[in-house]
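> I am sharing query.cif, which consists of mmCIF, C-alpha atoms and all ligand atoms:
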data_query
loop_
_atom_site.label_atom_id
_atom_site.label_comp_id
_atom_site.auth_asym_id
_atom_site.auth_seq_id
_atom_site.Cartn_x
_atom_site.Cartn_y
_atom_site.Cartn_z
CA MET D 1 32.11 -0.24 22.78
CA ALA D 2 30.44 2.88 21.37
CA LEU D 3 27.66 4.02 23.66
CA PRO D 4 24.18 4.64 22.21
CA ASN D 5 23.08 8.25 21.89
CA ILE D 6 19.94 8.50 24.01
CA PHE D 7 17.02 10.92 23.79
CA VAL D 8 15.12 11.13 27.09
CA LEU D 9 11.68 12.76 27.25
CA THR D 10 10.30 13.43 30.73
CA GLY D 11 6.89 14.48 31.99
CA ALA D 12 5.17 15.30 35.27
CA GLY D 13 5.53 11.72 36.59
CA VAL D 14 9.28 12.25 37.07
CA SER D 15 8.58 15.08 39.56
CA ALA D 16 5.53 13.49 41.27
CA GLU D 17 7.59 11.99 44.09
CA SER D 18 9.17 15.41 44.68
CA GLY D 19 5.69 16.57 45.69
CA LEU D 20 4.67 18.34 42.46
CA SER D 21 1.22 17.48 41.11
CA THR D 22 0.83 15.74 37.78
CA PHE D 23 -1.94 16.89 35.43
CA ARG D 24 -4.12 13.92 34.54
CA ASP D 25 -3.85 11.56 37.50
CA LYS D 26 -6.95 11.38 39.70
CA ASP D 27 -5.78 14.24 41.96
CA GLY D 28 -3.98 15.99 39.05
CA LEU D 29 -4.09 19.72 38.32
CA TRP D 30 -6.51 19.39 35.41
CA THR D 31 -9.04 17.72 37.71
CA GLN D 32 -8.86 20.78 40.01
CA TYR D 33 -8.51 23.70 37.59
CA PRO D 34 -10.15 24.36 34.18
CA LEU D 35 -7.14 24.15 31.87
CA GLU D 36 -8.71 26.43 29.25
CA GLU D 37 -8.93 29.18 31.91
CA VAL D 38 -5.44 28.84 33.44
CA ALA D 39 -3.33 27.51 30.56
CA SER D 40 -4.44 29.25 27.38
CA ILE D 41 -3.94 32.69 25.91
CA GLN D 42 -7.74 33.17 25.82
CA GLY D 43 -7.94 32.38 29.56
CA TYR D 44 -5.12 34.87 30.20
CA GLU D 45 -6.81 37.59 28.18
CA ARG D 46 -10.10 36.99 30.04
CA ASN D 47 -8.56 36.96 33.52
CA PRO D 48 -4.79 37.51 33.72
CA GLY D 49 -4.86 37.75 37.54
CA ARG D 50 -6.28 34.23 37.82
CA VAL D 51 -3.63 32.82 35.50
CA LEU D 52 -0.80 34.58 37.35
CA ALA D 53 -2.17 33.29 40.68
CA PHE D 54 -2.25 29.71 39.32
CA TYR D 55 1.43 29.88 38.26
CA ASN D 56 2.47 31.77 41.43
CA LEU D 57 1.12 28.82 43.41
CA ARG D 58 3.04 26.37 41.16
CA ARG D 59 6.22 28.43 41.78
CA SER D 60 5.71 28.41 45.56
CA LYS D 61 5.24 24.59 45.50
CA LEU D 62 8.45 24.33 43.47
CA PHE D 63 10.38 26.25 46.17
CA GLU D 64 9.46 23.46 48.61
CA ALA D 65 10.36 20.63 46.21
CA LYS D 66 13.66 18.79 45.94
CA PRO D 67 14.86 16.57 43.11
CA ASN D 68 14.27 12.84 43.65
CA ALA D 69 16.28 9.74 42.79
CA ALA D 70 15.03 9.81 39.17
CA HIS D 71 16.38 13.33 38.55
CA PHE D 72 19.72 12.42 40.15
CA ALA D 73 20.01 9.19 38.16
CA LEU D 74 19.41 10.99 34.84
CA ALA D 75 22.15 13.49 35.71
CA GLN D 76 24.46 10.59 36.55
CA LEU D 77 23.73 8.98 33.18
CA GLU D 78 24.39 12.28 31.42
CA ALA D 79 27.78 12.66 33.15
CA ALA D 80 28.79 9.05 32.41
CA TRP D 81 27.87 9.47 28.73
CA ALA D 82 29.59 12.87 28.45
CA ALA D 83 32.80 11.36 29.87
CA ARG D 84 32.77 8.90 26.95
CA GLY D 85 31.85 11.49 24.30
CA ALA D 86 28.30 10.12 23.85
CA ILE D 87 25.13 12.16 23.91
CA ILE D 88 22.16 12.23 26.24
CA THR D 89 19.54 14.72 25.09
CA LEU D 90 17.22 15.46 28.00
CA CYS D 91 13.99 17.05 26.85
CA THR D 92 11.35 17.82 29.45
CA GLN D 93 7.74 18.90 29.27
CA ASN D 94 8.08 20.02 32.88
CA ILE D 95 8.27 23.70 33.74
CA ASP D 96 9.97 22.97 37.07
CA ASN D 97 13.77 23.10 37.42
CA LEU D 98 14.28 19.81 39.27
CA HIS D 99 16.42 18.32 36.48
CA GLU D 100 18.83 21.26 36.85
CA GLN D 101 18.74 20.95 40.64
CA GLY D 102 19.52 17.24 40.23
CA GLY D 103 22.64 18.05 38.20
CA SER D 104 21.51 17.90 34.56
CA LYS D 105 23.46 20.45 32.57
CA ARG D 106 21.04 21.69 29.94
CA PRO D 107 17.60 20.13 29.85
CA ILE D 108 15.53 21.33 26.91
CA HIS D 109 12.37 22.88 28.39
CA MET D 110 9.95 22.44 25.50
CA HIS D 111 7.02 23.82 27.56
CA GLY D 112 9.01 26.70 29.06
CA GLU D 113 10.21 27.47 32.58
CA LEU D 114 8.35 28.60 35.66
CA SER D 115 11.40 30.51 36.90
CA LYS D 116 11.28 32.95 33.96
CA SER D 117 8.86 35.70 32.95
CA ARG D 118 7.96 36.84 29.45
CA CYS D 119 6.55 40.23 28.53
CA HIS D 120 3.25 39.78 26.67
CA ASP D 121 4.05 43.00 24.74
CA CYS D 122 7.74 43.04 23.83
CA GLY D 123 8.59 39.34 24.36
CA ASP D 124 11.47 40.03 26.77
CA VAL D 125 12.33 36.84 28.69
CA ARG D 126 14.22 36.96 31.97
CA ILE D 127 14.73 35.13 35.26
CA ALA D 128 11.85 35.89 37.63
CA ASP D 129 11.69 33.68 40.66
CA GLY D 130 9.19 35.71 42.67
CA ASP D 131 5.42 36.09 42.18
CA LEU D 132 4.29 37.70 38.93
CA LEU D 133 1.74 40.44 39.64
CA LEU D 134 -0.37 42.73 37.47
CA THR D 135 1.29 45.72 39.19
CA LEU D 136 4.79 44.81 37.94
CA GLY D 137 6.39 46.46 34.91
CA CYS D 138 8.56 44.94 32.17
CA MET D 139 12.27 45.76 32.70
CA ALA D 140 12.74 46.06 28.91
CA CYS D 141 9.72 48.04 27.61
CA GLY D 142 8.34 49.40 30.89
CA ARG D 143 4.74 48.31 30.31
CA ILE D 144 2.88 47.55 33.52
CA GLY D 145 0.76 44.42 33.84
CA GLY D 146 2.05 42.46 30.84
CA LEU D 147 4.40 39.98 32.54
CA ARG D 148 3.33 36.36 32.10
CA PRO D 149 5.16 33.16 33.04
CA HIS D 150 7.52 31.93 30.30
CA VAL D 151 5.47 28.76 29.77
CA VAL D 152 3.78 27.29 26.73
CA TRP D 153 -0.01 27.28 26.88
CA PHE D 154 -2.50 25.21 24.90
CA GLY D 155 -2.66 26.57 21.38
CA GLU D 156 0.94 27.87 21.53
CA THR D 157 3.91 26.24 19.83
CA PRO D 158 6.39 24.40 22.05
CA LEU D 159 9.96 25.69 22.16
CA PHE D 160 13.15 24.29 20.56
CA LEU D 161 11.31 21.95 18.17
CA ASP D 162 14.02 22.04 15.46
CA GLU D 163 16.71 21.10 17.96
CA ILE D 164 14.45 18.38 19.38
CA TYR D 165 13.64 16.83 15.98
CA ASP D 166 17.34 16.81 15.03
CA ALA D 167 18.32 15.06 18.25
CA LEU D 168 15.43 12.59 17.96
CA SER D 169 16.29 11.49 14.46
CA THR D 170 19.97 10.93 15.28
CA ALA D 171 19.45 9.03 18.56
CA ASP D 172 19.92 5.29 18.97
CA LEU D 173 17.41 5.00 21.82
CA PHE D 174 14.33 7.05 22.78
CA VAL D 175 13.18 6.79 26.41
CA SER D 176 9.96 8.36 27.63
CA ILE D 177 9.62 8.79 31.40
CA GLY D 178 6.58 9.78 33.49
CA THR D 179 4.35 11.16 30.78
CA SER D 180 0.80 10.14 29.86
CA GLY D 181 1.32 10.57 26.12
CA ALA D 182 -1.74 12.81 25.92
CA VAL D 183 -0.22 16.07 24.67
CA TYR D 184 1.24 16.63 21.21
CA PRO D 185 3.75 17.14 19.78
CA ALA D 186 5.60 15.34 22.63
CA ALA D 187 3.22 12.38 22.46
CA GLY D 188 4.20 11.92 18.81
CA PHE D 189 7.96 11.70 19.46
CA VAL D 190 7.81 7.92 19.91
CA SER D 191 6.33 7.44 16.40
CA MET D 192 8.86 9.84 14.90
CA ALA D 193 11.68 7.95 16.60
CA ARG D 194 10.38 4.60 15.32
CA GLU D 195 10.13 5.96 11.78
CA ALA D 196 13.77 7.02 12.05
CA GLY D 197 14.72 3.49 13.14
CA VAL D 198 15.35 4.47 16.78
CA SER D 199 14.58 1.90 19.55
CA THR D 200 11.91 3.09 21.98
CA MET D 201 11.17 2.42 25.65
CA GLU D 202 8.84 3.86 28.25
CA ILE D 203 9.22 4.08 32.01
CA ASN D 204 5.96 5.04 33.70
CA LEU D 205 3.77 4.18 36.64
CA GLU D 206 1.30 2.56 34.27
CA PRO D 207 0.97 2.11 30.50
CA SER D 208 0.68 5.54 28.86
CA GLU D 209 -1.95 6.38 26.23
CA ASN D 210 0.53 5.46 23.49
CA ALA D 211 2.08 2.46 25.25
CA ASP D 212 1.56 0.27 22.16
CA ALA D 213 4.01 2.40 20.20
CA PHE D 214 6.99 1.46 22.41
CA ASP D 215 9.32 -1.49 21.80
CA SER D 216 9.70 -2.10 25.55
CA ALA D 217 8.52 -0.76 28.90
CA HIS D 218 9.31 -0.72 32.63
CA TYR D 219 6.36 0.08 34.89
CA GLY D 220 6.95 1.42 38.40
CA LYS D 221 7.70 4.59 40.34
CA ALA D 222 10.18 6.87 38.62
CA SER D 223 12.31 7.06 41.80
CA GLU D 224 12.90 3.30 41.55
CA ALA D 225 12.55 2.41 37.86
CA VAL D 226 14.79 5.22 36.54
CA PRO D 227 17.80 4.54 38.83
CA ALA D 228 17.44 0.80 38.06
CA TRP D 229 17.52 1.46 34.29
CA VAL D 230 20.42 3.95 34.64
CA ALA D 231 22.42 1.42 36.70
CA GLU D 232 21.85 -1.17 33.93
CA MET D 233 23.00 1.27 31.24
CA ILE D 234 26.10 2.32 33.18
CA ALA D 235 27.00 -1.34 33.86
CA LEU D 236 26.68 -2.12 30.13
CA ALA D 237 28.96 0.80 29.34
CA HIS D 238 31.85 -0.65 31.41
P1 LIG D 301 0.28 13.83 32.94
O1 LIG D 301 -0.31 14.24 34.24
O2 LIG D 301 -0.59 13.85 31.75
O3 LIG D 301 0.88 12.36 33.05
C1 LIG D 301 1.74 12.01 34.11
C2 LIG D 301 2.14 10.55 33.93
O4 LIG D 301 3.06 10.23 34.97
C3 LIG D 301 0.97 9.56 34.04
O5 LIG D 301 1.04 8.62 32.97
C4 LIG D 301 1.21 8.86 35.39
O6 LIG D 301 0.82 7.50 35.37
C5 LIG D 301 2.70 8.98 35.53
N1 LIG D 301 3.17 9.00 36.92
C6 LIG D 301 2.56 9.53 38.01
N2 LIG D 301 3.31 9.35 39.11
C7 LIG D 301 4.44 8.71 38.69
C8 LIG D 301 5.61 8.24 39.37
N3 LIG D 301 5.78 8.40 40.67
N4 LIG D 301 6.55 7.61 38.62
C9 LIG D 301 6.39 7.44 37.28
N5 LIG D 301 5.31 7.85 36.61
C10 LIG D 301 4.35 8.48 37.30
O7 LIG D 301 1.59 14.74 32.72
P2 LIG D 301 2.41 14.97 31.37
O8 LIG D 301 2.36 13.79 30.50
O9 LIG D 301 3.73 15.51 31.76
O10 LIG D 301 1.48 20.96 29.38
O11 LIG D 301 1.57 16.13 30.73
C11 LIG D 301 1.99 16.68 29.50
C12 LIG D 301 1.62 18.13 29.44
O12 LIG D 301 0.23 18.28 29.73
C13 LIG D 301 2.28 19.01 30.49
O13 LIG D 301 3.58 19.42 30.12
C14 LIG D 301 1.35 20.17 30.58
C15 LIG D 301 0.06 19.40 30.64
O14 LIG D 301 -1.08 20.07 30.25
C16 LIG D 301 1.13 22.26 29.38
O15 LIG D 301 0.72 22.84 30.37
C17 LIG D 301 1.32 22.91 28.04
#
Output the file's structure as structure tokens, nothing else.


Amino acid sequence: MALPNIFVLTGAGVSAESGLSTFRDKDGLWTQYPLEEVASIQGYERNPGRVLAFYNLRRSKLFEAKPNAAHFALAQLEAAWAARGAIITLCTQNIDNLHEQGGSKRPIHMHGELSKSRCHDCGDVRIADGDLLLTLGCMACGRIGGLRPHVVWFGETPLFLDEIYDALSTADLFVSIGTSGAVYPAAGFVSMAREAGVSTMEINLEPSENADAFDSAHYGKASEAVPAWVAEMIALAH
């Protein structure tokens, strides 16, 4: 039996049980911080120190976090599919690296990565796993004070969109996990998949904002619902 090519989109809900805050739940980050001040280029230009401090705190929380059963299960699915020559495209809105820590080979980080810096002046991107400070200089152009986290802010274009749209349109199944469906373009992937004739499913704690757009859904904690779905898929593949 040929296995279906699967496009998986993940959001903050997949990392919630690893101890990382989501954004829009009742104790989420956007209920504690003004997003236009900490996650926009205008906020950065007004007060870069505040923005760097916000992401330095996110990075320190990430150091304490470990992947959970959902991350491990997705890596297991990826390995099982790769062994049979089928494709799992894992696209995440998360800036953490818990998919990698869980064993996924190359998640597409459409909103960037907390473990990298980008120079606001020359665009140089490199691994930076310590705090970003206004006193640091860019290793490429030497300018002091221009290092920002390599993350996508509101008003900026997400990364790898061409690769994402190609993979979406050639998948057999689109699965959205742990995302509220509030932020575009990711929230629009389900409609694009449907238009391309791709089956769609969501796994989330509760119905997302675009729940009606999915063909099917499993509601529950990612650490339970994702391994259960992966076990079903792997059993079908044998
Ligand atoms: P949200 O905080 O908007 O949504 C998280 C979703 O995860 C909600 O629907 C929750 O119900 C669900 N959830 C919470 N705990 C869960 C659990 N244990 N198991 C399963 N689901 C759970 O986060 P995102 O949808 O990822 O962008 O947010 C999208 C983007 O908005 C983020 O990438 C970020 C944010 O602003 C930028 O910063 C550019």

> Please identify all polymer residues within 6 Å of Ser208 in chain D, counting only C-alpha atoms, omitting same-chain residues fewer than 2 positions from it, and present them as a PyMOL selection string.

chain D and resi 180-181+210-211

> Put those residues in a file: C-alpha atoms, as a compact mmCIF listing (two decimals), in the frame of the given file.


# COMPACT_ATOMS: atom_id res chain seq x y z
CA SER D 180 0.80 10.14 29.86
CA GLY D 181 1.32 10.57 26.12
CA ASN D 210 0.53 5.46 23.49
CA ALA D 211 2.08 2.46 25.25

> Please, what distance in Å, to one decimal, runs between CA of Arg126 in chain D and CA of Ala79 in chain D?

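Between these atoms lies a distance of 27.9 Å.
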
> Could you list, as JSON, numbers by chain, all residues that come within 6 Å of ligand LIG 301 (chain D)? Count only C-alpha atoms and all ligand atoms.

{"D": [11, 12, 13, 14, 16, 17, 22, 23, 24, 25, 93, 94, 111, 152, 153, 154, 178, 179, 180, 181, 183, 204, 205, 206, 208, 221, 222]}

> For CA of Arg148 in chain D and CA of Gly43 in chain D, determine how far apart the two atoms are, in Å to one decimal place.

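Answer for the CA of Arg148 in chain D to CA of Gly43 in chain D separation: 12.2 Å.
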
> For CA of Ala217 in chain D and CA of Ala69 in chain D, determine how far apart the two atoms are, in Å to one decimal place.

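Result for CA of Ala217 in chain D versus CA of Ala69 in chain D: 19.1 Å, one decimal.
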
> Could you check which of D:Val226, D:Met1, D:Ala186, D:Leu57 is closest to Thr92 in chain D, using only C-alpha atoms?

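Under the stated criterion, the closest residue is D:Ala186.
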
> I'd like to know which of D:Ala171, D:Leu9, D:Pro34, D:Asn47 is closest to His109 in chain D, using only C-alpha atoms.

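Among the listed residues, D:Leu9 lies closest to His109 in chain D.
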